[in-house]
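Trainee: Structure file work.cif, mmCIF, C-alpha atoms and all ligand atoms, is pasted below:
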```cif
data_data
loop_
_atom_site.label_atom_id
_atom_site.label_comp_id
_atom_site.auth_asym_id
_atom_site.auth_seq_id
_atom_site.Cartn_x
_atom_site.Cartn_y
_atom_site.Cartn_z
CA HIS A 1 2.13 14.07 -6.46
CA PHE A 2 2.06 10.59 -4.92
CA MET A 3 -0.22 11.87 -2.19
CA LEU A 4 -2.93 13.01 -4.61
CA LYS A 5 -2.68 9.79 -6.61
CA GLU A 6 -3.06 7.74 -3.44
CA ILE A 7 -6.02 9.82 -2.25
CA HIS A 8 -7.75 8.95 -5.53
CA GLU A 9 -6.81 5.26 -5.23
CA GLN A 10 -8.76 4.98 -1.98
CA PRO A 11 -11.99 3.43 -3.31
CA ASP A 12 -9.89 0.65 -4.89
CA ALA A 13 -7.75 0.26 -1.78
CA VAL A 14 -10.88 -0.29 0.32
CA LYS A 15 -12.25 -2.76 -2.25
CA LYS A 16 -9.07 -4.82 -1.84
CA THR A 17 -9.29 -4.65 1.95
CA LEU A 18 -12.89 -5.85 1.82
CA MET A 19 -11.64 -9.09 0.24
CA GLU A 20 -10.13 -9.95 3.64
CA LEU A 21 -13.61 -10.56 5.10
CA GLN A 22 -13.62 -14.37 4.86
CA ASP A 23 -10.17 -14.69 6.43
CA ILE A 24 -11.17 -12.31 9.21
CA LYS A 25 -14.36 -14.28 9.88
CA GLU A 26 -12.31 -17.50 10.17
CA MET A 27 -9.84 -15.82 12.51
CA VAL A 28 -12.69 -14.60 14.70
CA GLU A 29 -14.25 -18.09 14.87
CA ASN A 30 -11.01 -19.43 16.33
CA PHE A 31 -10.55 -16.62 18.85
CA PRO A 32 -10.96 -17.43 22.55
CA LYS A 33 -13.33 -15.17 24.51
CA PHE A 34 -11.45 -11.92 25.12
CA ASN A 35 -12.41 -9.63 27.99
CA ARG A 36 -10.30 -6.66 26.96
CA ILE A 37 -9.11 -5.12 23.70
CA CYS A 38 -6.07 -2.88 23.71
CA PHE A 39 -5.18 -0.97 20.53
CA VAL A 40 -1.63 0.34 20.21
CA ALA A 41 -0.34 2.63 17.44
CA CYS A 42 1.29 5.94 16.44
CA GLY A 43 0.20 8.89 14.29
CA THR A 44 -2.50 8.23 11.73
CA SER A 45 -2.65 4.58 12.78
CA TYR A 46 -3.55 5.80 16.28
CA HIS A 47 -6.55 7.65 14.87
CA ALA A 48 -7.74 4.46 13.13
CA SER A 49 -7.42 2.75 16.53
CA LEU A 50 -9.62 5.41 18.15
CA VAL A 51 -12.42 4.49 15.74
CA GLY A 52 -11.83 0.90 16.88
CA LYS A 53 -12.72 1.85 20.45
CA TYR A 54 -16.16 3.12 19.41
CA LEU A 55 -16.77 -0.04 17.37
CA PHE A 56 -15.61 -2.56 19.97
CA GLU A 57 -17.31 -0.92 22.91
CA GLY A 58 -20.45 0.13 21.02
CA LEU A 59 -21.08 -2.97 18.91
CA VAL A 60 -19.04 -5.87 20.34
CA GLY A 61 -19.38 -4.83 23.99
CA ILE A 62 -15.74 -5.47 25.00
CA PRO A 63 -13.94 -2.82 27.13
CA THR A 64 -11.35 -1.25 24.83
CA ASP A 65 -8.32 0.93 25.45
CA VAL A 66 -6.36 2.84 22.86
CA LEU A 67 -2.75 3.56 23.69
CA LEU A 68 -0.11 5.56 21.92
CA ALA A 69 2.76 3.14 21.37
CA SER A 70 5.18 5.61 22.94
CA GLU A 71 3.07 5.59 26.14
CA PHE A 72 2.52 1.84 26.27
CA GLU A 73 5.19 1.07 28.87
CA PHE A 74 3.72 3.71 31.20
CA SER A 75 0.02 3.05 30.83
CA ALA A 76 -0.85 -0.42 29.52
CA GLY A 77 -1.75 -1.80 32.94
CA ALA A 78 -2.15 -5.54 33.39
CA LEU A 79 -2.46 -7.50 30.16
CA ASP A 80 -3.23 -11.21 30.33
CA GLU A 81 -4.10 -14.04 27.95
CA LYS A 82 -7.71 -12.78 27.82
CA THR A 83 -6.49 -9.47 26.37
CA LEU A 84 -6.30 -9.03 22.62
CA ALA A 85 -3.65 -6.37 21.95
CA ILE A 86 -4.11 -5.00 18.41
CA PHE A 87 -1.14 -3.22 16.81
CA ILE A 88 -2.00 -0.96 13.89
CA SER A 89 0.86 0.09 11.62
CA GLN A 90 1.19 0.90 7.94
CA SER A 91 4.89 -0.04 7.85
CA GLY A 92 5.02 -2.71 10.54
CA GLU A 93 8.43 -1.22 11.40
CA THR A 94 7.67 1.79 13.62
CA ALA A 95 10.09 1.53 16.56
CA ASP A 96 7.64 2.53 19.31
CA THR A 97 5.03 0.11 18.02
CA LEU A 98 7.49 -2.79 17.82
CA ARG A 99 8.74 -2.10 21.35
CA ALA A 100 5.18 -2.23 22.68
CA LEU A 101 4.41 -5.37 20.65
CA ARG A 102 7.38 -7.15 22.21
CA MET A 103 6.18 -6.21 25.69
CA ALA A 104 2.62 -7.32 24.99
CA ASN A 105 3.78 -10.62 23.49
CA GLU A 106 4.94 -11.67 26.96
CA THR A 107 1.37 -11.88 28.31
CA ALA A 108 -1.40 -11.00 25.84
CA GLN A 109 -2.59 -12.40 22.52
CA THR A 110 -1.32 -10.03 19.84
CA LEU A 111 -2.74 -9.12 16.43
CA ALA A 112 -0.92 -6.90 13.92
CA ILE A 113 -2.91 -5.01 11.27
CA VAL A 114 -0.22 -3.99 8.79
CA ASN A 115 0.17 -2.90 5.16
CA VAL A 116 3.75 -3.94 4.36
CA LEU A 117 4.02 -7.66 3.64
CA GLY A 118 6.56 -9.56 5.70
CA SER A 119 7.42 -6.57 7.92
CA THR A 120 8.72 -7.11 11.46
CA ALA A 121 5.34 -6.70 13.18
CA THR A 122 3.82 -9.39 10.95
CA ARG A 123 6.59 -11.82 11.94
CA GLU A 124 6.33 -11.18 15.66
CA ALA A 125 2.58 -10.94 16.35
CA ASP A 126 0.44 -14.01 17.11
CA HIS A 127 -2.11 -13.07 14.43
CA VAL A 128 -1.85 -10.89 11.31
CA ILE A 129 -4.31 -9.09 9.05
CA TYR A 130 -2.99 -7.31 5.96
CA THR A 131 -4.66 -4.06 4.94
CA ARG A 132 -3.77 -4.71 1.27
CA ALA A 133 -3.90 -1.03 0.26
CA GLY A 134 -0.88 -1.49 -2.04
CA PRO A 135 2.44 0.34 -1.59
CA GLU A 136 2.08 3.85 -0.15
CA ILE A 137 4.78 6.31 -1.22
CA GLY A 138 3.23 9.54 0.13
CA VAL A 139 4.75 10.27 3.52
CA ALA A 140 1.44 11.36 5.03
CA ALA A 141 -0.75 8.26 5.28
CA THR A 142 -3.97 8.35 3.22
CA LYS A 143 -5.08 5.14 1.50
CA THR A 144 -3.55 2.99 4.21
CA TYR A 145 -5.65 4.86 6.81
CA VAL A 146 -8.95 4.05 5.09
CA SER A 147 -7.79 0.45 4.63
CA GLN A 148 -6.93 0.24 8.34
CA LEU A 149 -10.38 1.59 9.20
CA THR A 150 -11.96 -0.97 6.87
CA CYS A 151 -10.01 -3.83 8.49
CA ILE A 152 -10.98 -2.70 11.98
CA CYS A 153 -14.63 -2.43 10.90
CA LEU A 154 -14.55 -5.93 9.34
CA LEU A 155 -13.06 -7.33 12.53
CA ALA A 156 -15.48 -5.61 14.90
CA LEU A 157 -18.56 -6.24 12.74
CA SER A 158 -17.60 -9.93 12.41
CA MET A 159 -17.12 -10.25 16.16
CA ALA A 160 -20.45 -8.48 16.75
CA GLY A 161 -22.30 -10.55 14.10
CA GLU A 162 -23.50 -7.29 12.47
CA GLU A 163 -24.48 -8.81 9.11
CA LYS A 164 -26.43 -5.76 7.91
CA LEU A 165 -23.44 -3.44 8.44
CA LEU A 166 -21.19 -6.04 6.76
CA GLU A 167 -23.44 -5.67 3.71
CA ASP A 168 -23.45 -1.87 3.95
CA ILE A 169 -19.66 -1.70 4.10
CA GLN A 170 -19.54 -3.19 0.58
CA HIS A 171 -20.98 0.14 -0.68
CA VAL A 172 -18.34 2.27 1.03
CA PRO A 173 -16.07 2.46 -2.09
CA ASP A 174 -18.99 4.03 -4.01
CA HIS A 175 -19.52 6.59 -1.27
CA MET A 176 -15.79 7.38 -1.41
CA LYS A 177 -15.97 7.93 -5.18
CA LEU A 178 -18.74 10.47 -4.62
CA ALA A 179 -16.69 12.17 -1.89
CA LEU A 180 -13.77 12.54 -4.33
CA GLU A 181 -16.05 14.41 -6.73
CA ALA A 182 -16.01 17.37 -4.33
CA GLU A 183 -12.38 18.07 -5.25
CA ASP A 184 -13.02 21.27 -7.29
CA GLN A 185 -15.05 22.72 -4.43
CA ILE A 186 -12.33 21.76 -1.94
CA ARG A 187 -9.64 23.40 -4.06
CA GLU A 188 -11.63 26.66 -3.89
CA ILE A 189 -12.00 26.32 -0.11
CA ALA A 190 -8.24 25.69 0.15
CA LYS A 191 -7.54 28.90 -1.79
CA LYS A 192 -9.86 30.89 0.43
CA TYR A 193 -8.45 29.72 3.77
CA LYS A 194 -4.79 29.07 2.91
CA ASP A 195 -3.50 31.99 4.98
CA ALA A 196 -5.22 31.00 8.23
CA GLU A 197 -2.77 30.37 11.06
CA ASP A 198 -4.99 28.13 13.16
CA PHE A 199 -7.73 25.67 12.33
CA PHE A 200 -10.10 23.70 14.52
CA PHE A 201 -11.57 20.34 13.51
CA ILE A 202 -14.48 19.17 15.61
CA GLY A 203 -16.66 16.06 15.80
CA ARG A 204 -18.30 13.73 18.30
CA GLY A 205 -18.39 9.95 18.60
CA TYR A 206 -17.28 8.23 15.40
CA SER A 207 -16.44 11.66 13.95
CA TYR A 208 -14.04 12.69 16.72
CA PRO A 209 -11.13 10.58 15.37
CA THR A 210 -11.91 11.97 11.89
CA ALA A 211 -11.50 15.49 13.29
CA MET A 212 -8.15 14.49 14.82
CA GLU A 213 -6.94 12.96 11.59
CA GLY A 214 -8.01 16.08 9.64
CA ALA A 215 -5.93 18.21 12.00
CA LEU A 216 -2.93 15.88 11.76
CA LYS A 217 -2.96 15.92 7.95
CA LEU A 218 -3.02 19.73 8.07
CA LYS A 219 -0.05 19.89 10.45
CA GLU A 220 1.96 17.28 8.53
CA ILE A 221 1.86 18.85 5.05
CA THR A 222 0.85 22.53 5.44
CA TYR A 223 2.58 23.32 8.77
CA ILE A 224 -0.56 25.16 9.85
CA HIS A 225 -1.61 24.66 13.44
CA GLY A 226 -4.68 22.41 13.50
CA GLU A 227 -6.51 21.26 16.63
CA GLY A 228 -8.67 18.15 16.46
CA TYR A 229 -11.18 18.46 19.27
CA ALA A 230 -14.15 16.58 20.64
CA ALA A 231 -16.93 19.08 19.91
CA GLY A 232 -18.28 18.83 23.46
CA GLU A 233 -14.90 19.77 24.95
CA LEU A 234 -14.76 23.20 23.29
CA LYS A 235 -16.67 24.78 26.16
CA HIS A 236 -14.02 23.60 28.64
CA GLY A 237 -11.44 26.12 27.52
CA PRO A 238 -10.58 26.18 23.82
CA LEU A 239 -13.58 28.33 22.84
CA ALA A 240 -11.37 31.20 24.04
CA LEU A 241 -9.20 30.62 20.94
CA ILE A 242 -12.05 30.86 18.46
CA ASP A 243 -12.53 34.15 16.62
CA ASP A 244 -13.14 35.27 13.06
CA ASP A 245 -9.61 34.30 12.01
CA VAL A 246 -10.06 30.64 12.93
CA PRO A 247 -11.88 28.41 10.44
CA VAL A 248 -13.71 25.50 12.09
CA VAL A 249 -14.13 22.26 10.16
CA ALA A 250 -17.13 20.41 11.61
CA VAL A 251 -17.69 16.71 10.89
CA VAL A 252 -21.46 16.28 11.23
CA PRO A 253 -22.81 13.09 9.63
CA PRO A 254 -26.42 12.10 10.32
CA GLY A 255 -26.69 9.91 13.41
CA ASP A 256 -26.46 10.00 17.20
CA SER A 257 -23.86 12.77 17.37
CA HIS A 258 -25.52 15.11 14.86
CA ASP A 259 -27.73 17.40 16.94
CA LYS A 260 -25.20 18.06 19.67
CA THR A 261 -22.44 18.92 17.20
CA LEU A 262 -24.86 21.32 15.51
CA GLY A 263 -25.19 23.08 18.87
CA ASN A 264 -21.40 23.43 19.12
CA LEU A 265 -21.35 24.84 15.64
CA GLN A 266 -23.61 27.66 16.76
CA GLU A 267 -21.22 28.41 19.64
CA VAL A 268 -18.24 28.84 17.31
CA LYS A 269 -20.27 30.89 14.85
CA ALA A 270 -21.29 33.23 17.67
CA ARG A 271 -17.54 33.94 18.07
CA GLY A 272 -17.18 34.81 14.40
CA ALA A 273 -15.62 31.58 13.10
CA SER A 274 -16.16 30.46 9.52
CA VAL A 275 -17.65 26.98 9.50
CA ILE A 276 -16.71 24.38 6.90
CA ALA A 277 -19.22 21.59 7.49
CA LEU A 278 -19.17 17.97 6.32
CA GLY A 279 -22.59 16.37 6.32
CA SER A 280 -25.47 14.82 4.44
CA SER A 281 -26.78 16.44 1.26
CA ASP A 282 -30.26 16.15 2.85
CA ASP A 283 -29.22 18.18 5.89
CA GLU A 284 -30.85 21.56 5.23
CA VAL A 285 -30.26 22.80 8.79
CA LEU A 286 -26.52 22.14 8.57
CA LYS A 287 -26.41 23.82 5.15
CA SER A 288 -28.06 26.93 6.57
CA GLU A 289 -25.56 27.09 9.46
CA ALA A 290 -22.37 26.46 7.45
CA HIS A 291 -20.33 28.93 5.40
CA GLU A 292 -19.07 26.06 3.26
CA MET A 293 -20.77 22.68 3.05
CA ILE A 294 -19.14 19.51 1.74
CA GLU A 295 -21.92 17.04 0.98
CA PHE A 296 -22.16 13.26 1.36
CA SER A 297 -24.91 10.76 0.68
CA GLY A 298 -27.36 10.62 3.60
CA GLU A 299 -27.57 6.82 3.20
CA LEU A 300 -24.18 6.22 4.79
CA ASN A 301 -24.38 4.73 8.29
CA GLU A 302 -22.59 6.80 10.95
CA VAL A 303 -20.62 3.71 12.02
CA LEU A 304 -18.99 3.56 8.57
CA SER A 305 -18.74 7.32 8.06
CA PRO A 306 -15.09 7.66 9.24
CA ILE A 307 -13.90 5.75 6.14
CA VAL A 308 -15.61 8.28 3.84
CA TYR A 309 -15.62 11.60 5.72
CA VAL A 310 -11.82 11.71 6.02
CA VAL A 311 -11.45 11.90 2.20
CA PRO A 312 -12.28 15.62 1.75
CA LEU A 313 -10.10 16.45 4.75
CA GLN A 314 -7.12 14.79 3.05
CA LEU A 315 -7.90 16.74 -0.13
CA LEU A 316 -8.23 19.98 1.83
CA SER A 317 -4.76 19.58 3.37
CA TYR A 318 -3.29 18.50 0.06
CA HIS A 319 -4.61 21.56 -1.80
CA MET A 320 -3.70 23.94 1.03
CA SER A 321 -0.17 22.52 0.95
CA VAL A 322 0.12 23.11 -2.81
CA GLU A 323 -1.42 26.62 -2.48
CA ARG A 324 1.24 27.46 0.12
CA GLY A 325 4.02 26.35 -2.22
CA ILE A 326 4.90 23.23 -0.23
CA ASP A 327 5.66 19.81 -1.74
CA PRO A 328 3.23 17.51 0.12
CA ASP A 329 5.36 14.49 -0.79
CA LYS A 330 8.34 15.95 1.06
CA PRO A 331 7.03 17.22 4.39
CA LYS A 332 9.72 18.59 6.66
CA ASN A 333 10.52 16.61 9.79
CA LEU A 334 8.42 13.59 8.83
CA ALA A 335 9.72 10.22 7.67
CA LYS A 336 7.59 7.50 6.10
CA CYS A 337 8.75 5.14 8.77
CA VAL A 338 9.93 6.29 12.21
CA THR A 339 12.50 3.71 13.28
CA VAL A 340 13.93 5.50 16.29
C1 LIG B 401 2.98 5.78 11.94
C2 LIG B 401 3.23 7.20 11.43
C3 LIG B 401 2.36 7.52 10.19
C4 LIG B 401 2.74 8.85 9.57
C5 LIG B 401 4.24 8.94 9.28
C6 LIG B 401 5.03 8.56 10.49
O1 LIG B 401 3.47 4.86 11.02
O2 LIG B 401 2.94 8.12 12.44
O3 LIG B 401 1.01 7.52 10.54
O4 LIG B 401 2.03 9.06 8.36
O5 LIG B 401 4.55 8.12 8.19
O6 LIG B 401 4.60 7.32 11.07
P1 LIG B 401 2.99 3.34 10.94
O7 LIG B 401 3.32 2.68 12.26
O8 LIG B 401 1.53 3.34 10.67
O9 LIG B 401 3.82 2.78 9.81
#
```
Can the structure in the file be given as structure tokens, please?
Mentor:
Amino acid sequence: HFMLKEIHEQPDAVKKTLMELQDIKEMVENFPKFNRICFVACGTSYHASLVGKYLFEGLVGIPTDVLLASEFEFSAGALDEKTLAIFISQSGETADTLRALRMANETAQTLAIVNVLGSTATREADHVIYTRAGPEIGVAATKTYVSQLTCICLLALSMAGEEKLLEDIQHVPDHMKLALEAEDQIREIAKKYKDAEDFFFIGRGYSYPTAMEGALKLKEITYIHGEGYAAGELKHGPLALIDDDVPVVAVVPPGDSHDKTLGNLQEVKARGASVIALGSSDDEVLKSEAHEMIEFSGELNEVLSPIVYVVPLQLLSYHMSVERGIDPDKPKNLAKCVTV
């Protein structure tokens, strides 16, 4: 399958994206002082944008909105020349994204982060960064997502002058290779849970968009209902849906969000849920709480963790899709590029 091939190409895709660093630094040097960032995107590209909000508000200190392109005309508010509107799109041809880009071009500075060379968004935006993941054939986005995340990190870290994290990000492809080694374990997990009708994916902070992307991948190629939820929101209603038939995938890297997510994990376990946890191989407490534990190096900074932690979630959906007799390269009702 193209999808599996592209999942395995991800360390190389990120390596290519990392080569954009010098160009991004030069672009940033010539930027005026922006007082607002506004990300606009659809689908998987929207989840990459959500990570951007944590980076720009947490590290650069610029107020940042993230808008679904289809909602842009209703909720963008006032954009002016001090706003940088960032359009994230694999194809650069998604109709909703292009419509929003054209509206933003009237007032704001626009930047398109796109994979397909010469696509419409790259011709119409004021600034362009290419993700350089190579052509993506799989309908469900995988390697272009991690390349988008890498681009957004390079941009935010350059604007924030975070030199240490810019060094750390060079090691991300190695962390991704290690994550891919969990494939046999993930195939077994996929076999075990393939008949579940509902899944929850939970995380906090940088891991919340990862939870949403895990749920979207599941919906796209297995047709199983998956909810991506901020772990702290569970107690505001959705806990009522958790019982022993609902597996909960918990994204729990070491860092600021760790202890609180662990608390939420205990809440879902108390309702009988099976917990599939993603966390550090040093995390003995998490291991003792989880029914299944997918392990990562503890050295990885939480800020960079979204690029790596999504990998086993893509593999999980892929293998569940195959186990259910579905062709993950031909998902029903999903086109590679949505031009309407
Ligand atoms: C956005 C998107 C993809 C998804 C599918 C449909 O596309 O939602 O994330 O995988 O292909 O379109 P794009 O604007 O990033 O090209």
Trainee: What does the list of residues within 7 Å of ligand LIG 401 (chain B) look like if you count all atoms listed in the file, written as a PyMOL selection string?
Mentor: chain A and resi 41-45+88-94+97+139-141+334-338
Trainee: Near Asp198 of chain A, counting all atoms listed in the file, which residues have an atom at most 8 Å away, once you skip same-chain residues fewer than 6 positions from it, shown as a ChimeraX atom specification?
Mentor: /A:224-227,245-247
Trainee: Here is a test: counting all atoms listed in the file, which residue of A:Gly77, A:Pro312, A:Gly255, A:Gly214 is nearest to Gln10 of chain A?
Mentor: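 Comparing A:Gly77, A:Pro312, A:Gly255, A:Gly214 against Gln10 of chain A, the winner is A:Pro312.
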Trainee: Which distance in Å separates atom CA of Val14 of chain A and atom CA of Val146 of chain A, to one decimal?
Mentor: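 Separating atom CA of Val14 of chain A from atom CA of Val146 of chain A is a distance of 6.7 Å.
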Trainee: Given all atoms listed in the file as the basis, pick out the residue of A:Thr17, A:Thr150, A:Asn301, A:Ser317 nearest to Phe199 of chain A.
Mentor: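 Comparing A:Thr17, A:Thr150, A:Asn301, A:Ser317 against Phe199 of chain A, the winner is A:Ser317.
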Trainee: For Asp256 of chain A, which residue among A:Ser119, A:Ile62, A:Ile86, A:Gly205 is the nearest when counting all atoms listed in the file?
Mentor: A:Gly205
Trainee: Could you give me, as a list in words, the residues within 8 Å of Leu4 of chain A, counting all atoms listed in the file and dropping anything in the same chain fewer than 4 positions from it?
Mentor: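 The residues satisfying every condition are His8, Leu315 and Tyr318 of chain A.
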Trainee: Atom CA of Val311 of chain A to atom CA of Glu220 of chain A: how many Å, to one decimal?
Mentor: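 Atom-to-atom, atom CA of Val311 of chain A and atom CA of Glu220 of chain A are spaced 15.8 Å apart.
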Trainee: For a test of reading the model, state the distance in Å between atom CA of Val251 of chain A and atom CA of Leu278 of chain A, rounded to one decimal.
Mentor: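 Straight-line distance from atom CA of Val251 of chain A to atom CA of Leu278 of chain A works out to 5.0 Å.
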Trainee: Between A:Ser321, A:Thr210, A:Gln170, A:Asn333, which is the closest to Tyr193 of chain A once you count only C-alpha atoms?
Mentor: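 Ranked by minimum distance to Tyr193 of chain A, first place goes to A:Ser321.
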Trainee: Give me, as a list in words, all polymer residues having an atom no more than 7 Å from segment 126-132 of chain A, counting all atoms listed in the file and skipping those fewer than 6 positions away in the same chain.
Mentor: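 Non-adjacent residues within range: Lys16, Thr17, Gln109, Thr110, Leu111, Ala112, Ile113, Val114, Asn115, Ser147, Gln148 and Cys151 of chain A.
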Trainee: Once you count all atoms listed in the file, which residues end up no further than 8 Å from (-22.4, -0.9, 9.5) in the file's frame, shown as a list in words?
Mentor: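 Protein, DNA and RNA residues close to (-22.4, -0.9, 9.5): Leu157, Glu162, Lys164, Leu165, Leu166, Glu167, Asp168, Ile169, Asn301, Glu302, Val303 and Leu304 of chain A.
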Trainee: Just give me the residues with any atom within 12 Å of (-18.7, 13.2, 16.5), file coordinates, counting only C-alpha atoms, written as a ChimeraX atom specification.
Mentor: /A:51,54,201-212,228-233,249-262,264-265,278-279,302-303,305-306,309
Trainee: With only C-alpha atoms as the basis for distance, which of A:Ile7, A:Ile307, A:Ala104, A:Ile242 is at the shortest distance from Glu197 of chain A?
Mentor: A:Ile242
